[in-house]
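A.B. asks: This is the structure I want to talk about, given as structure tokens.
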Amino acid sequence: MSPTPIELRDIAKVVRRDVLTMTLEAGSGHIGGSLSAVDLLTVLYWDVLRAKPDRPQWGERDRFVLSKAHASPALYAVLARRGYFNVQELMTFRKLKSILQGFPDMQKTPGIDASVGSPGQGLSIANGIAMAARMDRKQFRVYCLMGDGEAHEGQVWEAAMTAAHHGLDNVCAIIDRNMMMGDGSTEDIVALSPLADKWRTFNWHVIEVDGHNIEQLLAAFSEASSVKGQPSLLLARTVKGKGIPFMERKPEWHDRQLTEELYEEAMKALA
């Protein structure tokens, strides 16, 4: 049975603590964009995805592609808490010979369905997996989490056109719309708004949602799974650095590192 919304919020808080602890131990890692994605990943892995953590290569599982690969700390923490590998592995993040490198590697990490790195490539990968599922007459769905800054990449729009052209209703893309990049606001660098309208014009079924509201996310993913004949997009409004007051909406926390003092302050905020 799936956890309740209250239980999912508690799980997300644990995952946020893991992100802080593992990046402090590593001395590196992207914190702000990981924290904005935690609620999305928690709902996906505890309620939405058909998966068997004890059988990561189960053929009928839903697939997940982390296109915003720099948010790997959040994904690794979710996978560990979900039971794909021991939680203690999180303390090896970005260390030599660890299974948890800076960007996800499907050859090393249980539960990773696609090796990713360069921004903008994930949706193309998701489309390919979805097309293969159709050819093999498999019923699994493919989910792809992108950062909003990725929408500056032309490949994203090529993939958007491709998914719509082929009617890939087994694809669900999610945009973590925290409106911040490492260099500042997405709207100051190259304005993306009206982003929802752009995707609708590309013939996607668009669902706008609060990316930190568990109930809204549950309803949105349920709606997406019922759509036929076109791919779906969850445009999730989020906050970079969510949960840590001194990080929230601060572009410098895209990849800034914690000191011991800031770590203690952040952990208190999540108490």
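Ordering of the structure tokens sets the chain letters (A, B, ...), residue numbers begin anew at 1 in every chain, and ligands are numbered from 1 in the order given.
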Which residues are close to region 146-159 of chain A, i.e. within 7 Å by only C-alpha atoms, leaving aside same-chain residues fewer than 3 positions away? Reply as a PyMOL selection string.

C.D. replies: chain A and resi 66-68+119-121+123-124+162-163+174-177+179+181+186

A.B. asks: Could you dump the residues just selected with N, CA and C atoms as a PDB file, in the first residue's frame?

C.D. replies:
ATOM      1  N   LEU A  66      16.789  10.869 -15.225  1.00  0.00           N
ATOM      2  CA  LEU A  66      17.096  12.138 -14.559  1.00  0.00           C
ATOM      3  C   LEU A  66      17.866  13.011 -15.534  1.00  0.00           C
ATOM      4  N   SER A  67      17.141  13.812 -16.306  1.00  0.00           N
ATOM      5  CA  SER A  67      17.816  14.665 -17.286  1.00  0.00           C
ATOM      6  C   SER A  67      18.610  15.768 -16.590  1.00  0.00           C
ATOM      7  N   LYS A  68      18.075  16.313 -15.472  1.00  0.00           N
ATOM      8  CA  LYS A  68      18.842  17.298 -14.698  1.00  0.00           C
ATOM      9  C   LYS A  68      19.802  16.522 -13.797  1.00  0.00           C
ATOM     10  N   PRO A 119      23.197  18.591 -20.156  1.00  0.00           N
ATOM     11  CA  PRO A 119      21.814  19.082 -20.088  1.00  0.00           C
ATOM     12  C   PRO A 119      21.115  18.970 -21.433  1.00  0.00           C
ATOM     13  N   GLY A 120      19.825  18.632 -21.377  1.00  0.00           N
ATOM     14  CA  GLY A 120      19.006  18.624 -22.574  1.00  0.00           C
ATOM     15  C   GLY A 120      18.847  17.291 -23.263  1.00  0.00           C
ATOM     16  N   GLN A 121      19.566  16.263 -22.809  1.00  0.00           N
ATOM     17  CA  GLN A 121      19.536  14.986 -23.522  1.00  0.00           C
ATOM     18  C   GLN A 121      18.500  14.003 -23.005  1.00  0.00           C
ATOM     19  N   LEU A 123      15.218  13.865 -22.355  1.00  0.00           N
ATOM     20  CA  LEU A 123      13.932  13.587 -22.985  1.00  0.00           C
ATOM     21  C   LEU A 123      14.114  12.769 -24.256  1.00  0.00           C
ATOM     22  N   SER A 124      15.186  12.998 -24.972  1.00  0.00           N
ATOM     23  CA  SER A 124      15.468  12.173 -26.160  1.00  0.00           C
ATOM     24  C   SER A 124      15.670  10.712 -25.750  1.00  0.00           C
ATOM     25  N   THR A 162       9.254  15.322 -31.350  1.00  0.00           N
ATOM     26  CA  THR A 162       9.291  13.893 -31.668  1.00  0.00           C
ATOM     27  C   THR A 162       8.258  13.111 -30.860  1.00  0.00           C
ATOM     28  N   ALA A 163       8.196  13.375 -29.549  1.00  0.00           N
ATOM     29  CA  ALA A 163       7.253  12.656 -28.692  1.00  0.00           C
ATOM     30  C   ALA A 163       5.815  12.920 -29.120  1.00  0.00           C
ATOM     31  N   ILE A 174       8.652  15.844 -16.654  1.00  0.00           N
ATOM     32  CA  ILE A 174       8.440  16.728 -15.509  1.00  0.00           C
ATOM     33  C   ILE A 174       9.480  17.835 -15.579  1.00  0.00           C
ATOM     34  N   ILE A 175       9.051  19.070 -15.474  1.00  0.00           N
ATOM     35  CA  ILE A 175      10.002  20.180 -15.418  1.00  0.00           C
ATOM     36  C   ILE A 175      10.024  20.742 -14.001  1.00  0.00           C
ATOM     37  N   ASP A 176      11.203  20.734 -13.407  1.00  0.00           N
ATOM     38  CA  ASP A 176      11.430  21.319 -12.083  1.00  0.00           C
ATOM     39  C   ASP A 176      11.584  22.827 -12.292  1.00  0.00           C
ATOM     40  N   ARG A 177      10.466  23.533 -12.200  1.00  0.00           N
ATOM     41  CA  ARG A 177      10.424  24.962 -12.547  1.00  0.00           C
ATOM     42  C   ARG A 177      10.786  25.826 -11.338  1.00  0.00           C
ATOM     43  N   MET A 179      13.049  28.153 -11.551  1.00  0.00           N
ATOM     44  CA  MET A 179      13.333  29.463 -12.153  1.00  0.00           C
ATOM     45  C   MET A 179      14.719  30.002 -11.843  1.00  0.00           C
ATOM     46  N   MET A 181      19.078  29.241 -12.239  1.00  0.00           N
ATOM     47  CA  MET A 181      20.224  28.520 -12.771  1.00  0.00           C
ATOM     48  C   MET A 181      21.460  28.953 -11.991  1.00  0.00           C
ATOM     49  N   THR A 186      16.307  32.115 -14.676  1.00  0.00           N
ATOM     50  CA  THR A 186      16.115  31.654 -16.056  1.00  0.00           C
ATOM     51  C   THR A 186      15.496  32.752 -16.915  1.00  0.00           C
TER      52      THR A 186
END

A.B. asks: Please identify all polymer residues within 12 Å of Ala26 (chain A), counting only C-alpha atoms, omitting same-chain residues fewer than 2 positions from it, and present them as a VMD selection string.

C.D. replies: chain A and resid 19 to 24 28 to 31 73 89 to 96 98 100 to 102 257 to 259

A.B. asks: Let's have the selection written as an mmCIF file, in the first residue's frame, with N, CA and C atoms.

C.D. replies:
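part25.cif written:
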data_model
loop_
_atom_site.group_PDB
_atom_site.id
_atom_site.type_symbol
_atom_site.label_atom_id
_atom_site.label_comp_id
_atom_site.auth_asym_id
_atom_site.auth_seq_id
_atom_site.Cartn_x
_atom_site.Cartn_y
_atom_site.Cartn_z
ATOM 1 N N VAL A 19 20.569 14.503 1.539
ATOM 2 C CA VAL A 19 21.248 15.346 0.543
ATOM 3 C C VAL A 19 22.276 16.245 1.225
ATOM 4 N N LEU A 20 21.902 16.843 2.332
ATOM 5 C CA LEU A 20 22.827 17.723 3.052
ATOM 6 C C LEU A 20 24.021 16.946 3.575
ATOM 7 N N THR A 21 23.766 15.790 4.173
ATOM 8 C CA THR A 21 24.837 15.020 4.810
ATOM 9 C C THR A 21 25.807 14.452 3.790
ATOM 10 N N MET A 22 25.297 13.908 2.688
ATOM 11 C CA MET A 22 26.183 13.291 1.706
ATOM 12 C C MET A 22 27.008 14.332 0.954
ATOM 13 N N THR A 23 26.449 15.516 0.687
ATOM 14 C CA THR A 23 27.231 16.547 -0.002
ATOM 15 C C THR A 23 28.249 17.188 0.941
ATOM 16 N N LEU A 24 27.917 17.276 2.223
ATOM 17 C CA LEU A 24 28.911 17.756 3.186
ATOM 18 C C LEU A 24 30.085 16.791 3.249
ATOM 19 N N SER A 28 31.324 18.354 -2.159
ATOM 20 C CA SER A 28 30.874 18.836 -3.464
ATOM 21 C C SER A 28 29.492 18.264 -3.743
ATOM 22 N N GLY A 29 28.868 18.771 -4.802
ATOM 23 C CA GLY A 29 27.533 18.308 -5.162
ATOM 24 C C GLY A 29 26.567 19.472 -5.252
ATOM 25 N N HIS A 30 25.573 19.326 -6.077
ATOM 26 C CA HIS A 30 24.604 20.395 -6.313
ATOM 27 C C HIS A 30 23.436 20.262 -5.341
ATOM 28 N N ILE A 31 23.340 21.201 -4.419
ATOM 29 C CA ILE A 31 22.356 21.101 -3.347
ATOM 30 C C ILE A 31 21.026 21.742 -3.727
ATOM 31 N N PRO A 73 22.325 13.879 -6.102
ATOM 32 C CA PRO A 73 22.205 13.595 -4.661
ATOM 33 C C PRO A 73 20.781 13.264 -4.234
ATOM 34 N N GLU A 89 25.883 3.761 1.686
ATOM 35 C CA GLU A 89 26.579 4.075 0.432
ATOM 36 C C GLU A 89 26.545 5.565 0.128
ATOM 37 N N LEU A 90 25.554 6.280 0.666
ATOM 38 C CA LEU A 90 25.450 7.712 0.392
ATOM 39 C C LEU A 90 26.686 8.471 0.846
ATOM 40 N N MET A 91 27.368 7.947 1.854
ATOM 41 C CA MET A 91 28.558 8.622 2.367
ATOM 42 C C MET A 91 29.766 8.438 1.443
ATOM 43 N N THR A 92 29.610 7.655 0.387
ATOM 44 C CA THR A 92 30.690 7.491 -0.589
ATOM 45 C C THR A 92 30.478 8.363 -1.816
ATOM 46 N N PHE A 93 29.448 9.193 -1.813
ATOM 47 C CA PHE A 93 29.109 10.019 -2.979
ATOM 48 C C PHE A 93 30.325 10.776 -3.506
ATOM 49 N N ARG A 94 30.556 10.645 -4.807
ATOM 50 C CA ARG A 94 31.636 11.308 -5.540
ATOM 51 C C ARG A 94 33.044 10.876 -5.115
ATOM 52 N N LYS A 95 33.148 9.782 -4.399
ATOM 53 C CA LYS A 95 34.467 9.297 -4.013
ATOM 54 C C LYS A 95 34.960 8.248 -4.997
ATOM 55 N N LEU A 96 36.267 8.068 -5.045
ATOM 56 C CA LEU A 96 36.890 7.137 -5.974
ATOM 57 C C LEU A 96 36.317 5.737 -5.789
ATOM 58 N N SER A 98 33.354 4.727 -5.965
ATOM 59 C CA SER A 98 31.988 4.658 -5.446
ATOM 60 C C SER A 98 31.007 4.313 -6.558
ATOM 61 N N LEU A 100 28.274 5.751 -6.604
ATOM 62 C CA LEU A 100 27.497 6.992 -6.663
ATOM 63 C C LEU A 100 28.381 8.137 -7.135
ATOM 64 N N GLN A 101 28.542 8.244 -8.438
ATOM 65 C CA GLN A 101 29.360 9.304 -9.001
ATOM 66 C C GLN A 101 28.544 10.589 -9.168
ATOM 67 N N GLY A 102 29.202 11.648 -9.593
ATOM 68 C CA GLY A 102 28.530 12.941 -9.684
ATOM 69 C C GLY A 102 27.316 12.921 -10.583
ATOM 70 N N GLN A 257 29.002 24.927 -1.552
ATOM 71 C CA GLN A 257 29.145 23.857 -0.585
ATOM 72 C C GLN A 257 28.920 24.326 0.849
ATOM 73 N N LEU A 258 28.435 23.400 1.667
ATOM 74 C CA LEU A 258 28.154 23.679 3.069
ATOM 75 C C LEU A 258 29.421 23.682 3.911
ATOM 76 N N THR A 259 29.453 24.561 4.909
ATOM 77 C CA THR A 259 30.420 24.458 5.995
ATOM 78 C C THR A 259 29.751 23.670 7.120
#

A.B. asks: Report, in Å with one decimal, the straight-line distance from CA of Thr238 (chain A) to CA of Thr109 (chain A).

C.D. replies: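 Calculated distance between CA of Thr238 (chain A) and CA of Thr109 (chain A) is 27.1 Å.
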
A.B. asks: Can you pull out the residues contacting region 50-58 of chain A? Cut-off 9 Å, using only C-alpha atoms, and skip same-chain residues under 6 positions away; I want them as a PyMOL selection string.

C.D. replies: chain A and resi 79+82-85+110-113+140-141

A.B. asks: Store the residues picked out above in a file with C-alpha atoms, as an mmCIF file, in the first residue's frame.

C.D. replies:
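File out_27.cif, as written:
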data_model
loop_
_atom_site.group_PDB
_atom_site.id
_atom_site.type_symbol
_atom_site.label_atom_id
_atom_site.label_comp_id
_atom_site.auth_asym_id
_atom_site.auth_seq_id
_atom_site.Cartn_x
_atom_site.Cartn_y
_atom_site.Cartn_z
ATOM 1 C CA LEU A 79 17.025 5.139 -4.237
ATOM 2 C CA ARG A 82 13.614 3.007 -1.279
ATOM 3 C CA GLY A 83 15.888 0.002 -0.805
ATOM 4 C CA TYR A 84 17.933 -0.196 -4.009
ATOM 5 C CA PHE A 85 21.181 -0.140 -2.018
ATOM 6 C CA PRO A 110 21.257 -0.084 -9.003
ATOM 7 C CA GLY A 111 18.015 1.591 -10.037
ATOM 8 C CA ILE A 112 19.491 3.903 -12.683
ATOM 9 C CA ASP A 113 17.837 3.416 -16.073
ATOM 10 C CA PHE A 140 5.620 0.350 -18.859
ATOM 11 C CA ARG A 141 5.764 4.139 -18.715
#

A.B. asks: Region 62-256 of chain A: which residues are strand (DSSP E or B) by DSSP, as an mmCIF file with N, CA and C atoms, in the first residue's frame?

C.D. replies:
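Output file selection-v5.cif is given in full below:
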data_model
loop_
_atom_site.group_PDB
_atom_site.id
_atom_site.type_symbol
_atom_site.label_atom_id
_atom_site.label_comp_id
_atom_site.auth_asym_id
_atom_site.auth_seq_id
_atom_site.Cartn_x
_atom_site.Cartn_y
_atom_site.Cartn_z
ATOM 1 N N ARG A 63 10.295 3.170 -16.230
ATOM 2 C CA ARG A 63 11.648 3.712 -16.317
ATOM 3 C C ARG A 63 11.669 5.180 -15.893
ATOM 4 N N PHE A 64 12.825 5.605 -15.363
ATOM 5 C CA PHE A 64 12.995 6.997 -14.969
ATOM 6 C C PHE A 64 14.328 7.521 -15.493
ATOM 7 N N VAL A 65 14.285 8.713 -16.089
ATOM 8 C CA VAL A 65 15.488 9.364 -16.615
ATOM 9 C C VAL A 65 15.669 10.701 -15.897
ATOM 10 N N LEU A 66 16.789 10.869 -15.225
ATOM 11 C CA LEU A 66 17.096 12.138 -14.559
ATOM 12 C C LEU A 66 17.866 13.011 -15.534
ATOM 13 N N VAL A 142 7.499 5.790 -19.075
ATOM 14 C CA VAL A 142 8.821 6.400 -18.944
ATOM 15 C C VAL A 142 8.645 7.821 -18.419
ATOM 16 N N TYR A 143 9.333 8.121 -17.332
ATOM 17 C CA TYR A 143 9.273 9.438 -16.704
ATOM 18 C C TYR A 143 10.634 10.113 -16.840
ATOM 19 N N CYS A 144 10.610 11.415 -17.120
ATOM 20 C CA CYS A 144 11.855 12.162 -17.339
ATOM 21 C C CYS A 144 11.779 13.479 -16.591
ATOM 22 N N LEU A 145 12.698 13.689 -15.660
ATOM 23 C CA LEU A 145 12.742 14.926 -14.881
ATOM 24 C C LEU A 145 13.799 15.859 -15.453
ATOM 25 N N MET A 146 13.343 17.053 -15.866
ATOM 26 C CA MET A 146 14.233 18.056 -16.444
ATOM 27 C C MET A 146 14.282 19.300 -15.567
ATOM 28 N N GLY A 147 15.370 20.041 -15.664
ATOM 29 C CA GLY A 147 15.426 21.357 -15.068
ATOM 30 C C GLY A 147 14.873 22.372 -16.053
ATOM 31 N N VAL A 171 5.038 8.466 -22.276
ATOM 32 C CA VAL A 171 6.067 9.393 -21.789
ATOM 33 C C VAL A 171 5.418 10.456 -20.912
ATOM 34 N N CYS A 172 6.010 10.652 -19.737
ATOM 35 C CA CYS A 172 5.608 11.758 -18.858
ATOM 36 C C CYS A 172 6.863 12.538 -18.486
ATOM 37 N N ALA A 173 6.962 13.753 -18.987
ATOM 38 C CA ALA A 173 8.074 14.634 -18.641
ATOM 39 C C ALA A 173 7.675 15.494 -17.449
ATOM 40 N N ILE A 174 8.652 15.844 -16.654
ATOM 41 C CA ILE A 174 8.440 16.728 -15.509
ATOM 42 C C ILE A 174 9.480 17.835 -15.579
ATOM 43 N N ILE A 175 9.051 19.070 -15.474
ATOM 44 C CA ILE A 175 10.002 20.180 -15.418
ATOM 45 C C ILE A 175 10.024 20.742 -14.001
ATOM 46 N N ASP A 176 11.203 20.734 -13.407
ATOM 47 C CA ASP A 176 11.430 21.319 -12.083
ATOM 48 C C ASP A 176 11.584 22.827 -12.292
ATOM 49 N N ARG A 177 10.466 23.533 -12.200
ATOM 50 C CA ARG A 177 10.424 24.962 -12.547
ATOM 51 C C ARG A 177 10.786 25.826 -11.338
ATOM 52 N N MET A 180 15.623 29.098 -11.406
ATOM 53 C CA MET A 180 16.982 29.528 -11.083
ATOM 54 C C MET A 180 18.003 28.628 -11.754
ATOM 55 N N MET A 181 19.078 29.241 -12.239
ATOM 56 C CA MET A 181 20.224 28.520 -12.771
ATOM 57 C C MET A 181 21.460 28.953 -11.991
ATOM 58 N N GLY A 184 21.900 32.682 -12.337
ATOM 59 C CA GLY A 184 20.825 33.603 -12.002
ATOM 60 C C GLY A 184 19.472 33.093 -12.444
ATOM 61 N N SER A 185 18.533 33.996 -12.620
ATOM 62 C CA SER A 185 17.166 33.639 -12.995
ATOM 63 C C SER A 185 17.095 33.163 -14.445
ATOM 64 N N HIS A 205 0.080 17.297 -23.431
ATOM 65 C CA HIS A 205 -0.919 17.506 -22.381
ATOM 66 C C HIS A 205 -0.183 18.068 -21.164
ATOM 67 N N VAL A 206 -0.437 19.326 -20.835
ATOM 68 C CA VAL A 206 0.318 20.020 -19.785
ATOM 69 C C VAL A 206 -0.512 20.131 -18.509
ATOM 70 N N ILE A 207 0.099 19.767 -17.394
ATOM 71 C CA ILE A 207 -0.526 19.881 -16.080
ATOM 72 C C ILE A 207 0.357 20.789 -15.236
ATOM 73 N N GLU A 208 -0.152 21.925 -14.840
ATOM 74 C CA GLU A 208 0.599 22.841 -13.986
ATOM 75 C C GLU A 208 0.307 22.517 -12.528
ATOM 76 N N VAL A 209 1.360 22.444 -11.718
ATOM 77 C CA VAL A 209 1.205 21.919 -10.371
ATOM 78 C C VAL A 209 2.232 22.549 -9.426
ATOM 79 N N ASP A 210 1.880 22.636 -8.157
ATOM 80 C CA ASP A 210 2.821 23.025 -7.105
ATOM 81 C C ASP A 210 3.718 21.821 -6.840
ATOM 82 N N SER A 232 2.587 13.636 -21.875
ATOM 83 C CA SER A 232 2.181 14.543 -20.808
ATOM 84 C C SER A 232 3.386 15.243 -20.197
ATOM 85 N N LEU A 233 3.143 16.456 -19.722
ATOM 86 C CA LEU A 233 4.166 17.241 -19.031
ATOM 87 C C LEU A 233 3.604 17.768 -17.723
ATOM 88 N N LEU A 234 4.315 17.510 -16.638
ATOM 89 C CA LEU A 234 4.020 18.163 -15.369
ATOM 90 C C LEU A 234 4.942 19.361 -15.245
ATOM 91 N N LEU A 235 4.370 20.548 -15.274
ATOM 92 C CA LEU A 235 5.143 21.766 -15.077
ATOM 93 C C LEU A 235 5.037 22.108 -13.595
ATOM 94 N N ALA A 236 6.069 21.745 -12.855
ATOM 95 C CA ALA A 236 6.028 21.799 -11.393
ATOM 96 C C ALA A 236 6.726 23.048 -10.871
ATOM 97 N N ARG A 237 5.958 23.932 -10.281
ATOM 98 C CA ARG A 237 6.524 25.141 -9.670
ATOM 99 C C ARG A 237 7.225 24.749 -8.374
#

A.B. asks: In Å, rounded to a single decimal, give me how far CA of Val38 (chain A) is from CA of Ala224 (chain A).

C.D. replies: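 Calculated distance between CA of Ala224 (chain A) and CA of Val38 (chain A) is 19.5 Å.
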
A.B. asks: For each of A:Val78, A:Val43, A:Ala71, A:Ile129, take the minimum atom-to-atom distance to Phe103 (chain A), counting only C-alpha atoms, then give the residue where this is smallest.

C.D. replies: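 Residue with the minimum atom-to-atom distance to Phe103 (chain A): A:Ala71.
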
A.B. asks: For CA of Leu192 (chain A) and CA of Phe221 (chain A), determine how far apart the two atoms are, in Å to one decimal place.

C.D. replies: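 One can read the CA of Leu192 (chain A) to CA of Phe221 (chain A) distance as 23.4 Å.
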